[in-house]
file upload.cif (mmCIF, C-alpha atoms)
data_model
#
loop_
_atom_site.group_PDB
_atom_site.id
_atom_site.type_symbol
_atom_site.label_atom_id
_atom_site.label_comp_id
_atom_site.auth_asym_id
_atom_site.auth_seq_id
_atom_site.Cartn_x
_atom_site.Cartn_y
_atom_site.Cartn_z
ATOM 1 C CA MET A 18 -23.913 -11.145 1.750
ATOM 2 C CA ILE A 19 -21.922 -8.129 0.619
ATOM 3 C CA VAL A 20 -20.881 -5.701 3.312
ATOM 4 C CA LYS A 21 -21.404 -2.341 1.671
ATOM 5 C CA GLY A 22 -18.714 0.114 2.673
ATOM 6 C CA LYS A 23 -16.685 -0.430 5.800
ATOM 7 C CA SER A 24 -17.791 -1.259 9.297
ATOM 8 C CA SER A 25 -18.323 1.797 11.497
ATOM 9 C CA TRP A 26 -15.317 1.147 13.759
ATOM 10 C CA ALA A 27 -13.006 0.792 10.734
ATOM 11 C CA SER A 28 -14.447 3.982 9.274
ATOM 12 C CA SER A 29 -13.962 5.888 12.551
ATOM 13 C CA LEU A 30 -10.445 4.497 12.988
ATOM 14 C CA GLY A 31 -9.648 5.510 9.403
ATOM 15 C CA MET A 32 -10.859 9.060 10.050
ATOM 16 C CA VAL A 33 -8.890 9.395 13.296
ATOM 17 C CA LEU A 34 -5.751 7.978 11.663
ATOM 18 C CA GLY A 35 -6.202 10.227 8.628
ATOM 19 C CA LEU A 36 -6.434 13.295 10.860
ATOM 20 C CA LEU A 37 -3.464 12.233 13.014
ATOM 21 C CA THR A 38 -1.419 11.522 9.876
ATOM 22 C CA ALA A 39 -2.187 14.936 8.367
ATOM 23 C CA ILE A 40 -1.224 16.747 11.587
ATOM 24 C CA THR A 41 1.966 14.730 12.144
ATOM 25 C CA MET A 42 3.000 15.076 8.485
ATOM 26 C CA ALA A 43 2.442 18.847 8.553
ATOM 27 C CA ILE A 44 4.580 19.181 11.715
ATOM 28 C CA GLY A 45 7.206 16.843 10.241
ATOM 29 C CA MET A 46 7.411 18.845 7.002
ATOM 30 C CA TYR A 47 7.778 22.085 8.975
ATOM 31 C CA LEU A 48 10.540 20.562 11.122
ATOM 32 C CA GLY A 49 12.350 19.086 8.120
ATOM 33 C CA LEU A 50 12.105 22.117 5.849
ATOM 34 C CA VAL A 51 12.345 25.007 8.346
ATOM 35 C CA TYR A 52 13.401 23.944 11.860
ATOM 36 C CA ALA A 53 16.231 21.525 11.030
ATOM 37 C CA PRO A 54 19.515 23.250 10.086
ATOM 38 C CA LYS A 55 20.830 23.212 6.518
ATOM 39 C CA ASP A 56 23.575 20.655 5.939
ATOM 40 C CA VAL A 57 26.933 22.448 5.523
ATOM 41 C CA ILE A 58 28.166 20.191 2.694
ATOM 42 C CA GLN A 59 25.006 19.019 0.925
ATOM 43 C CA GLY A 60 22.923 22.181 1.329
ATOM 44 C CA ASN A 61 19.144 21.997 0.892
ATOM 45 C CA ALA A 62 19.260 18.710 -1.062
ATOM 46 C CA GLN A 63 19.957 16.950 2.245
ATOM 47 C CA ARG A 64 16.380 17.798 3.327
ATOM 48 C CA ILE A 65 15.141 15.100 0.915
ATOM 49 C CA PHE A 66 16.338 12.833 3.739
ATOM 50 C CA TYR A 67 13.180 13.704 5.749
ATOM 51 C CA ILE A 68 10.925 11.987 3.210
ATOM 52 C CA HIS A 69 13.395 9.498 1.682
ATOM 53 C CA VAL A 70 14.265 7.658 4.912
ATOM 54 C CA PRO A 71 10.675 7.465 6.310
ATOM 55 C CA MET A 72 9.404 6.180 2.952
ATOM 56 C CA ALA A 73 12.129 3.514 2.917
ATOM 57 C CA TRP A 74 11.085 2.542 6.448
ATOM 58 C CA VAL A 75 7.413 2.285 5.385
ATOM 59 C CA ALA A 76 8.368 0.145 2.371
ATOM 60 C CA PHE A 77 10.351 -2.234 4.632
ATOM 61 C CA LEU A 78 7.490 -2.324 7.147
ATOM 62 C CA ALA A 79 4.980 -3.045 4.371
ATOM 63 C CA PHE A 80 7.058 -5.915 2.988
ATOM 64 C CA GLY A 81 7.530 -7.242 6.528
ATOM 65 C CA VAL A 82 3.730 -7.386 6.867
ATOM 66 C CA VAL A 83 3.554 -9.128 3.461
ATOM 67 C CA PHE A 84 6.091 -11.693 4.719
ATOM 68 C CA LEU A 85 4.100 -12.486 7.893
ATOM 69 C CA ALA A 86 0.711 -12.488 6.155
ATOM 70 C CA ALA A 87 2.052 -14.707 3.343
ATOM 71 C CA ILE A 88 3.349 -17.276 5.851
ATOM 72 C CA LEU A 89 0.000 -17.212 7.660
ATOM 73 C CA TYR A 90 -1.877 -17.607 4.356
ATOM 74 C CA LEU A 91 0.177 -20.652 3.341
ATOM 75 C CA TRP A 92 -0.328 -22.130 6.796
ATOM 76 C CA LYS A 93 -4.017 -21.351 7.456
ATOM 77 C CA ARG A 94 -5.288 -20.906 3.879
ATOM 78 C CA ALA A 95 -7.584 -18.127 5.133
ATOM 79 C CA LEU A 96 -8.345 -15.461 2.521
ATOM 80 C CA ILE A 97 -7.957 -12.631 5.037
ATOM 81 C CA TRP A 98 -4.161 -13.151 5.125
ATOM 82 C CA ASP A 99 -3.962 -12.876 1.362
ATOM 83 C CA GLN A 100 -6.058 -9.691 1.494
ATOM 84 C CA ILE A 101 -3.656 -8.218 4.069
ATOM 85 C CA ALA A 102 -0.602 -9.349 2.086
ATOM 86 C CA ARG A 103 -1.722 -7.887 -1.245
ATOM 87 C CA SER A 104 -2.853 -4.621 0.386
ATOM 88 C CA SER A 105 0.514 -4.190 2.070
ATOM 89 C CA ALA A 106 2.447 -5.244 -1.056
ATOM 90 C CA GLU A 107 0.796 -2.506 -3.112
ATOM 91 C CA ILE A 108 1.617 0.161 -0.520
ATOM 92 C CA GLY A 109 5.181 -1.171 -0.300
ATOM 93 C CA LEU A 110 5.576 -0.974 -4.062
ATOM 94 C CA VAL A 111 4.318 2.629 -4.188
ATOM 95 C CA PHE A 112 6.762 3.673 -1.454
ATOM 96 C CA THR A 113 9.697 1.757 -2.971
ATOM 97 C CA THR A 114 9.046 3.638 -6.231
ATOM 98 C CA LEU A 115 9.142 6.930 -4.344
ATOM 99 C CA VAL A 116 12.319 5.910 -2.486
ATOM 100 C CA LEU A 117 14.056 5.240 -5.813
ATOM 101 C CA VAL A 118 12.827 8.527 -7.320
ATOM 102 C CA THR A 119 13.659 10.733 -4.316
ATOM 103 C CA GLY A 120 17.024 8.974 -3.941
ATOM 104 C CA SER A 121 17.780 9.815 -7.538
ATOM 105 C CA PHE A 122 16.958 13.500 -6.950
ATOM 106 C CA TRP A 123 19.212 13.465 -3.893
ATOM 107 C CA GLY A 124 22.040 11.642 -5.663
ATOM 108 C CA ARG A 125 22.195 13.942 -8.703
ATOM 109 C CA PRO A 126 23.514 17.097 -6.934
ATOM 110 C CA ILE A 127 25.637 15.136 -4.412
ATOM 111 C CA TRP A 128 27.127 12.295 -6.493
ATOM 112 C CA GLY A 129 26.767 13.986 -9.874
ATOM 113 C CA THR A 130 24.636 11.175 -11.296
ATOM 114 C CA TRP A 131 20.960 10.197 -11.317
ATOM 115 C CA TRP A 132 21.758 6.507 -10.964
ATOM 116 C CA THR A 133 24.713 4.279 -10.152
ATOM 117 C CA TRP A 134 24.904 0.497 -9.797
ATOM 118 C CA ASP A 135 25.730 0.865 -6.130
ATOM 119 C CA ALA A 136 24.875 -2.125 -3.872
ATOM 120 C CA ARG A 137 22.076 -0.354 -1.999
ATOM 121 C CA LEU A 138 20.486 1.137 -5.103
ATOM 122 C CA THR A 139 20.722 -2.125 -7.024
ATOM 123 C CA THR A 140 19.245 -4.267 -4.231
ATOM 124 C CA THR A 141 16.422 -1.722 -3.793
ATOM 125 C CA LEU A 142 15.699 -1.845 -7.525
ATOM 126 C CA LEU A 143 15.695 -5.652 -7.257
ATOM 127 C CA LEU A 144 13.094 -5.407 -4.472
ATOM 128 C CA TRP A 145 10.969 -3.181 -6.717
ATOM 129 C CA PHE A 146 11.130 -5.732 -9.544
ATOM 130 C CA ILE A 147 10.309 -8.636 -7.199
ATOM 131 C CA PHE A 148 7.114 -6.938 -6.033
ATOM 132 C CA LEU A 149 6.253 -5.858 -9.553
ATOM 133 C CA GLY A 150 6.471 -9.588 -10.361
ATOM 134 C CA TYR A 151 4.225 -10.248 -7.346
ATOM 135 C CA PHE A 152 1.407 -8.301 -9.017
ATOM 136 C CA MET A 153 2.125 -9.686 -12.496
ATOM 137 C CA ILE A 154 1.804 -13.234 -11.156
ATOM 138 C CA ARG A 155 -1.475 -12.306 -9.483
ATOM 139 C CA ALA A 156 -2.782 -10.849 -12.735
ATOM 140 C CA TYR A 157 -1.881 -13.899 -14.829
ATOM 141 C CA ALA A 158 -2.531 -16.730 -12.357
ATOM 142 C CA GLY A 159 -6.261 -16.692 -13.101
ATOM 143 C CA ASP A 160 -7.671 -18.696 -10.215
ATOM 144 C CA ARG A 161 -7.844 -16.733 -6.920
ATOM 145 C CA GLY A 162 -6.384 -19.524 -4.802
ATOM 146 C CA ARG A 163 -3.498 -20.100 -7.182
ATOM 147 C CA ALA A 164 -2.780 -16.335 -7.377
ATOM 148 C CA ALA A 165 -2.710 -16.132 -3.579
ATOM 149 C CA THR A 166 -0.362 -19.118 -3.241
ATOM 150 C CA TYR A 167 2.104 -18.018 -5.937
ATOM 151 C CA SER A 168 2.207 -14.442 -4.704
ATOM 152 C CA ALA A 169 2.640 -15.592 -1.087
ATOM 153 C CA VAL A 170 5.775 -17.502 -2.135
ATOM 154 C CA ILE A 171 7.103 -14.421 -3.982
ATOM 155 C CA GLY A 172 6.263 -12.230 -0.982
ATOM 156 C CA ILE A 173 8.270 -14.461 1.345
ATOM 157 C CA ILE A 174 11.266 -14.693 -1.008
ATOM 158 C CA GLY A 175 11.084 -10.944 -1.762
ATOM 159 C CA PHE A 176 11.276 -10.003 1.900
ATOM 160 C CA PHE A 177 14.726 -11.616 2.218
ATOM 161 C CA ASP A 178 16.014 -8.736 0.092
ATOM 162 C CA VAL A 179 15.081 -6.235 2.848
ATOM 163 C CA PRO A 180 17.874 -7.177 5.351
ATOM 164 C CA ILE A 181 20.290 -7.358 2.383
ATOM 165 C CA ILE A 182 19.345 -3.771 1.439
ATOM 166 C CA TYR A 183 19.781 -2.652 5.049
ATOM 167 C CA GLU A 184 23.185 -4.281 5.455
ATOM 168 C CA SER A 185 24.420 -3.525 1.905
ATOM 169 C CA VAL A 186 26.211 -0.334 3.034
ATOM 170 C CA ASN A 187 28.151 -2.371 5.624
ATOM 171 C CA TRP A 188 28.851 -5.443 3.485
ATOM 172 C CA TRP A 189 30.014 -3.643 0.332
ATOM 173 C CA ARG A 190 31.830 -0.410 -0.446
ATOM 174 C CA THR A 191 29.062 1.893 -1.633
ATOM 175 C CA LEU A 192 28.430 5.480 -2.655
ATOM 176 C CA HIS A 193 25.318 5.441 -0.513
ATOM 177 C CA PRO A 194 26.103 6.668 3.019
ATOM 178 C CA GLU A 195 25.927 4.337 6.008
ATOM 179 C CA SER A 196 23.048 4.600 8.494
ATOM 180 C CA VAL A 197 23.348 7.798 10.532
ATOM 181 C CA VAL A 198 20.706 6.881 13.092
ATOM 182 C CA SER A 199 20.502 3.687 15.125
ATOM 183 C CA VAL A 200 18.465 2.642 18.156
ATOM 184 C CA THR A 201 21.259 3.681 20.536
ATOM 185 C CA SER A 202 22.911 6.654 18.819
ATOM 186 C CA ALA A 203 22.509 9.361 16.196
ATOM 187 C CA ASN A 204 25.361 10.806 14.165
ATOM 188 C CA MET A 205 23.743 14.188 13.462
ATOM 189 C CA PRO A 206 22.430 17.314 15.229
ATOM 190 C CA GLY A 207 19.503 16.961 17.641
ATOM 191 C CA GLU A 208 17.171 19.147 15.516
ATOM 192 C CA MET A 209 17.669 16.816 12.554
ATOM 193 C CA VAL A 210 16.947 13.753 14.721
ATOM 194 C CA VAL A 211 13.722 15.341 16.026
ATOM 195 C CA ALA A 212 12.573 16.205 12.481
ATOM 196 C CA LEU A 213 13.382 12.689 11.280
ATOM 197 C CA MET A 214 11.527 11.017 14.167
ATOM 198 C CA VAL A 215 8.384 13.109 13.607
ATOM 199 C CA CYS A 216 8.491 12.323 9.872
ATOM 200 C CA LEU A 217 8.976 8.612 10.651
ATOM 201 C CA LEU A 218 5.923 8.715 12.921
ATOM 202 C CA GLY A 219 3.882 10.585 10.293
ATOM 203 C CA PHE A 220 4.697 8.108 7.523
ATOM 204 C CA THR A 221 4.054 5.117 9.821
ATOM 205 C CA LEU A 222 0.588 6.507 10.645
ATOM 206 C CA PHE A 223 0.063 7.090 6.932
ATOM 207 C CA TYR A 224 0.909 3.434 6.253
ATOM 208 C CA LEU A 225 -1.686 2.312 8.824
ATOM 209 C CA TYR A 226 -4.262 4.648 7.276
ATOM 210 C CA LEU A 227 -3.565 3.317 3.773
ATOM 211 C CA MET A 228 -3.709 -0.278 5.037
ATOM 212 C CA ILE A 229 -7.208 0.248 6.469
ATOM 213 C CA GLN A 230 -8.391 1.782 3.177
ATOM 214 C CA LYS A 231 -6.771 -0.820 0.937
ATOM 215 C CA PHE A 232 -7.783 -3.797 3.087
ATOM 216 C CA GLY A 233 -11.418 -2.618 2.971
ATOM 217 C CA ILE A 234 -11.215 -2.450 -0.835
ATOM 218 C CA GLU A 235 -9.662 -5.914 -1.201
ATOM 219 C CA ARG A 236 -12.268 -7.406 1.137
ATOM 220 C CA MET A 237 -15.090 -5.805 -0.852
ATOM 221 C CA LYS A 238 -13.576 -7.082 -4.126
ATOM 222 C CA ASP A 239 -13.533 -10.661 -2.809
ATOM 223 C CA GLN A 240 -17.081 -10.408 -1.478
ATOM 224 C CA LEU A 241 -18.213 -9.135 -4.868
ATOM 225 C CA ILE A 242 -16.517 -12.063 -6.642
ATOM 226 C CA ASP A 243 -18.174 -14.530 -4.227
ATOM 227 C CA TYR A 244 -21.564 -12.886 -4.741
ATOM 228 C CA GLN A 245 -21.240 -12.891 -8.552
ATOM 229 C CA TYR A 246 -20.193 -16.534 -8.419
ATOM 230 C CA ALA A 247 -23.204 -17.439 -6.242
ATOM 231 C CA LEU A 248 -25.522 -15.570 -8.639
ATOM 232 C CA SER A 249 -24.123 -17.342 -11.707
ATOM 233 C CA GLU A 250 -24.462 -20.705 -9.948
ATOM 234 C CA ARG A 251 -28.087 -19.955 -9.090
ATOM 235 C CA GLU A 252 -28.764 -18.913 -12.691
ATOM 236 C CA ALA A 253 -27.162 -22.141 -13.929
ATOM 237 C CA GLU A 254 -29.319 -24.142 -11.538
ATOM 238 C CA GLY A 255 -32.415 -22.311 -12.835
ATOM 239 C CA VAL A 256 -31.500 -23.191 -16.435
ATOM 240 C CA THR A 257 -30.974 -26.893 -15.663
ATOM 241 C CA THR A 258 -34.234 -27.211 -13.678
ATOM 242 C CA ALA A 259 -36.190 -25.348 -16.388
ATOM 243 C CA MET B 13 19.508 23.322 -11.134
ATOM 244 C CA SER B 14 20.402 24.564 -7.684
ATOM 245 C CA ASN B 15 20.190 22.246 -4.678
ATOM 246 C CA LEU B 16 16.884 23.859 -3.739
ATOM 247 C CA SER B 17 15.344 22.875 -7.073
ATOM 248 C CA TYR B 18 16.188 19.206 -6.482
ATOM 249 C CA LEU B 19 14.545 19.412 -3.068
ATOM 250 C CA PHE B 20 11.463 21.111 -4.531
ATOM 251 C CA VAL B 21 11.046 18.601 -7.386
ATOM 252 C CA ALA B 22 11.590 15.575 -5.086
ATOM 253 C CA PHE B 23 8.873 16.834 -2.692
ATOM 254 C CA LEU B 24 6.560 17.764 -5.570
ATOM 255 C CA ILE B 25 6.812 14.308 -7.185
ATOM 256 C CA THR B 26 6.309 12.587 -3.816
ATOM 257 C CA TRP B 27 3.122 14.485 -2.990
ATOM 258 C CA ILE B 28 1.753 14.165 -6.533
ATOM 259 C CA VAL B 29 2.257 10.371 -6.446
ATOM 260 C CA ILE B 30 0.752 10.088 -2.947
ATOM 261 C CA GLY B 31 -2.200 12.299 -3.994
ATOM 262 C CA ALA B 32 -2.754 10.219 -7.141
ATOM 263 C CA TYR B 33 -2.647 7.010 -5.103
ATOM 264 C CA LEU B 34 -5.223 8.322 -2.620
ATOM 265 C CA TRP B 35 -7.448 9.428 -5.507
ATOM 266 C CA MET B 36 -7.095 5.956 -7.085
ATOM 267 C CA LEU B 37 -8.110 4.254 -3.814
ATOM 268 C CA ASN B 38 -11.151 6.528 -3.578
ATOM 269 C CA ARG B 39 -12.125 5.677 -7.176
ATOM 270 C CA GLN B 40 -11.816 1.957 -6.421
ATOM 271 C CA VAL B 41 -14.189 2.317 -3.453
ATOM 272 C CA GLN B 42 -16.708 4.267 -5.577
ATOM 273 C CA ASN B 43 -16.563 1.711 -8.433
ATOM 274 C CA LEU B 44 -17.062 -1.186 -6.023
ATOM 275 C CA LYS B 45 -20.029 0.561 -4.381
ATOM 276 C CA ASP B 46 -21.600 1.184 -7.819
ATOM 277 C CA GLU B 47 -21.122 -2.459 -8.772
ATOM 278 C CA ILE B 48 -22.719 -3.604 -5.506
ATOM 279 C CA ASP B 49 -25.683 -1.248 -6.104
ATOM 280 C CA ILE B 50 -26.240 -2.730 -9.585
ATOM 281 C CA LEU B 51 -26.018 -6.282 -8.274
ATOM 282 C CA THR B 52 -28.357 -5.558 -5.373
ATOM 283 C CA GLU B 53 -30.924 -3.957 -7.728
ATOM 284 C CA ASP B 54 -30.687 -6.930 -10.121
ATOM 285 C CA SER B 55 -31.136 -9.307 -7.239
ATOM 286 C CA VAL B 56 -34.228 -7.459 -5.923
ATOM 287 C CA LEU B 57 -35.785 -7.315 -9.408
ATOM 288 C CA GLU B 58 -35.082 -10.983 -9.958
ATOM 289 C CA ARG B 59 -36.656 -11.902 -6.631
ATOM 290 C CA GLU B 60 -39.751 -9.783 -7.376
ATOM 291 C CA HIS B 61 -40.105 -11.358 -10.825
ATOM 292 C CA PHE B 62 -39.734 -14.836 -9.355
ATOM 293 C CA SER B 63 -42.270 -14.203 -6.601
ATOM 294 C CA SER B 64 -44.850 -12.783 -9.071
ATOM 295 C CA THR B 65 -44.901 -16.088 -10.970
ATOM 296 C CA LEU B 66 -45.732 -18.019 -7.780
ATOM 297 C CA PRO B 67 -49.128 -18.463 -6.133
ATOM 298 C CA GLU B 68 -50.061 -15.527 -3.855
ATOM 299 C CA SER B 69 -49.174 -17.218 -0.540
ATOM 300 C CA GLU B 70 -45.735 -18.469 -1.753
ATOM 301 C CA GLY B 71 -45.027 -15.132 -3.424
ATOM 302 C CA ARG B 72 -45.567 -13.320 -0.132
ATOM 303 C CA ALA B 73 -43.174 -15.737 1.562
ATOM 304 C CA VAL B 74 -40.460 -15.114 -1.048
ATOM 305 C CA ARG B 75 -40.928 -11.350 -0.784
ATOM 306 C CA GLY B 76 -40.623 -11.750 2.977
ATOM 307 C CA GLN B 77 -44.100 -10.363 3.768
#
call {"tool": "encode", "arguments": {"input": "upload.cif", "output": "structure tokens"}}
result
Amino acid sequence: MIVKGKSSWASSLGMVLGLLTAITMAIGMYLGLVYAPKDVIQGNAQRIFYIHVPMAWVAFLAFGVVFLAAILYLWKRALIWDQIARSSAEIGLVFTTLVLVTGSFWGRPIWGTWWTWDARLTTTLLLWFIFLGYFMIRAYAGDRGRAATYSAVIGIIGFFDVPIIYESVNWWRTLHPESVVSVTSANMPGEMVVALMVCLLGFTLFYLYLMIQKFGIERMKDQLIDYQYALSEREAEGVTTA
Amino acid sequence: MSNLSYLFVAFLITWIVIGAYLWMLNRQVQNLKDEIDILTEDSVLEREHFSSTLPESEGRAVRGQ
């Protein structure tokens, strides 16, 4: 049986999350663009930081979910884990694209170039290509089970690039600045930290909202495939008995 | 371009991409719902056609009456 639309609790949760996301994002944008002070050296371009860093965080979070769901899929072989993995991978890819684009717009006025083969930029681009490959494999694998298995392997391998990206600024000499905020300390004014934290919260809520939407879609797609398959089998049975 | 222009364009691109992605998700939901409607209608028609070819008592059973 096809479940039309989403269950009521998922729909309500989606609405609440959507509303919370919109409010938090609006506050975050105000804090980042108005409340936080202008950087003395970088000027207004530094404010790109308030979307660039949260989007990078969401991309890492999304690929972390892909990693866990892919392991669980290979272990349990339950379709739900593949649905979670592919939903999260798509969101991760969208946000990685935006991280690369916003980083480029930040780098141009500060470094004088749109792109440089810096360790962090290169490893992030590599991550983008890995997850582009994830969807290409899914598109060409044909069989649903095979697509899920191949992409799960890519999802697990791809995630290993995330800690490399994070540590790249410490391991290699890079143009990209080192992390300015850690769990224990922040190397910037308090107003900037507040704006960053609110933006991080807003984008994390947005990720959860998108996950609910995308997971519902992927589940419906699979149910539709199962239903079409059952119909075609019944038709085939009708032909053979007639 | 001044620094402010880079900030403006970066934010503009981000929100356009996010808006386009949300619109795409909404379209996917609508398309799936339409497909389900078509399949459900086909299935109902098929069941009605099948039941009409059966004797009255069996036809009622298939139609769930």
call {"tool": "resolve_selection", "arguments": {"input": "upload.cif", "expression": "the PyMOL selection byres ((chain A) within 6 of (chain B))", "output": "list in words"}}
result
Asn61, Ala62, Ile65, Thr119 and Phe122 of chain A
call {"tool": "atom_distance", "arguments": {"input": "upload.cif", "atom1": "CA of Leu117 in chain A", "atom2": "CA of His69 in chain A"}}
result
8.6 Å
call {"tool": "resolve_selection", "arguments": {"input": "upload.cif", "expression": "the PyMOL selection byres ((chain A and resi 224-240) around 9)", "output": "NGL selection string"}}
result
(:A and (18-23 or 27-28 or 30-35 or 38 or 75 or 78-79 or 96-97 or 100-101 or 103-105 or 107-108 or 219-223 or 241-245)) or (:B and (34 or 37-38 or 40-41 or 44-45))
call {"tool": "resolve_selection", "arguments": {"input": "upload.cif", "expression": "the PyMOL selection byres ((chain A and resi 155) around 10)", "output": "list in words"}}
result
Arg103, Gly150, Tyr151, Phe152, Met153, Ile154, Ala156, Tyr157, Ala158, Gly159, Asp160, Arg161, Gly162, Arg163, Ala164, Ala165, Thr166, Tyr167, Ser168 and Ala169 of chain A
call {"tool": "write_last_selection", "arguments": {"input": "upload.cif", "atoms": "C-alpha atoms", "output": "CSV table (one decimal), in the coordinates of the input"}}
result
chain,number,residue,atom,x,y,z
A,103,ARG,CA,-1.7,-7.9,-1.2
A,150,GLY,CA,6.5,-9.6,-10.4
A,151,TYR,CA,4.2,-10.2,-7.3
A,152,PHE,CA,1.4,-8.3,-9.0
A,153,MET,CA,2.1,-9.7,-12.5
A,154,ILE,CA,1.8,-13.2,-11.2
A,156,ALA,CA,-2.8,-10.8,-12.7
A,157,TYR,CA,-1.9,-13.9,-14.8
A,158,ALA,CA,-2.5,-16.7,-12.4
A,159,GLY,CA,-6.3,-16.7,-13.1
A,160,ASP,CA,-7.7,-18.7,-10.2
A,161,ARG,CA,-7.8,-16.7,-6.9
A,162,GLY,CA,-6.4,-19.5,-4.8
A,163,ARG,CA,-3.5,-20.1,-7.2
A,164,ALA,CA,-2.8,-16.3,-7.4
A,165,ALA,CA,-2.7,-16.1,-3.6
A,166,THR,CA,-0.4,-19.1,-3.2
A,167,TYR,CA,2.1,-18.0,-5.9
A,168,SER,CA,2.2,-14.4,-4.7
A,169,ALA,CA,2.6,-15.6,-1.1
call {"tool": "residues_near_point", "arguments": {"input": "upload.cif", "point": "(6.1, -13.2, -1.2)", "cutoff": "8 Å", "atoms": "only C-alpha atoms", "output": "MDAnalysis selection string"}}
result
chainID A and resid 83:84 87 148 151 167:176
call {"tool": "write_last_selection", "arguments": {"input": "upload.cif", "atoms": "C-alpha atoms", "output": "short mmCIF file (atom, residue, chain, number, x, y, z; two decimals), in the coordinates of the input"}}
result
data_model
loop_
_atom_site.label_atom_id
_atom_site.label_comp_id
_atom_site.auth_asym_id
_atom_site.auth_seq_id
_atom_site.Cartn_x
_atom_site.Cartn_y
_atom_site.Cartn_z
CA VAL A 83 3.55 -9.13 3.46
CA PHE A 84 6.09 -11.69 4.72
CA ALA A 87 2.05 -14.71 3.34
CA PHE A 148 7.11 -6.94 -6.03
CA TYR A 151 4.22 -10.25 -7.35
CA TYR A 167 2.10 -18.02 -5.94
CA SER A 168 2.21 -14.44 -4.70
CA ALA A 169 2.64 -15.59 -1.09
CA VAL A 170 5.78 -17.50 -2.13
CA ILE A 171 7.10 -14.42 -3.98
CA GLY A 172 6.26 -12.23 -0.98
CA ILE A 173 8.27 -14.46 1.34
CA ILE A 174 11.27 -14.69 -1.01
CA GLY A 175 11.08 -10.94 -1.76
CA PHE A 176 11.28 -10.00 1.90
#
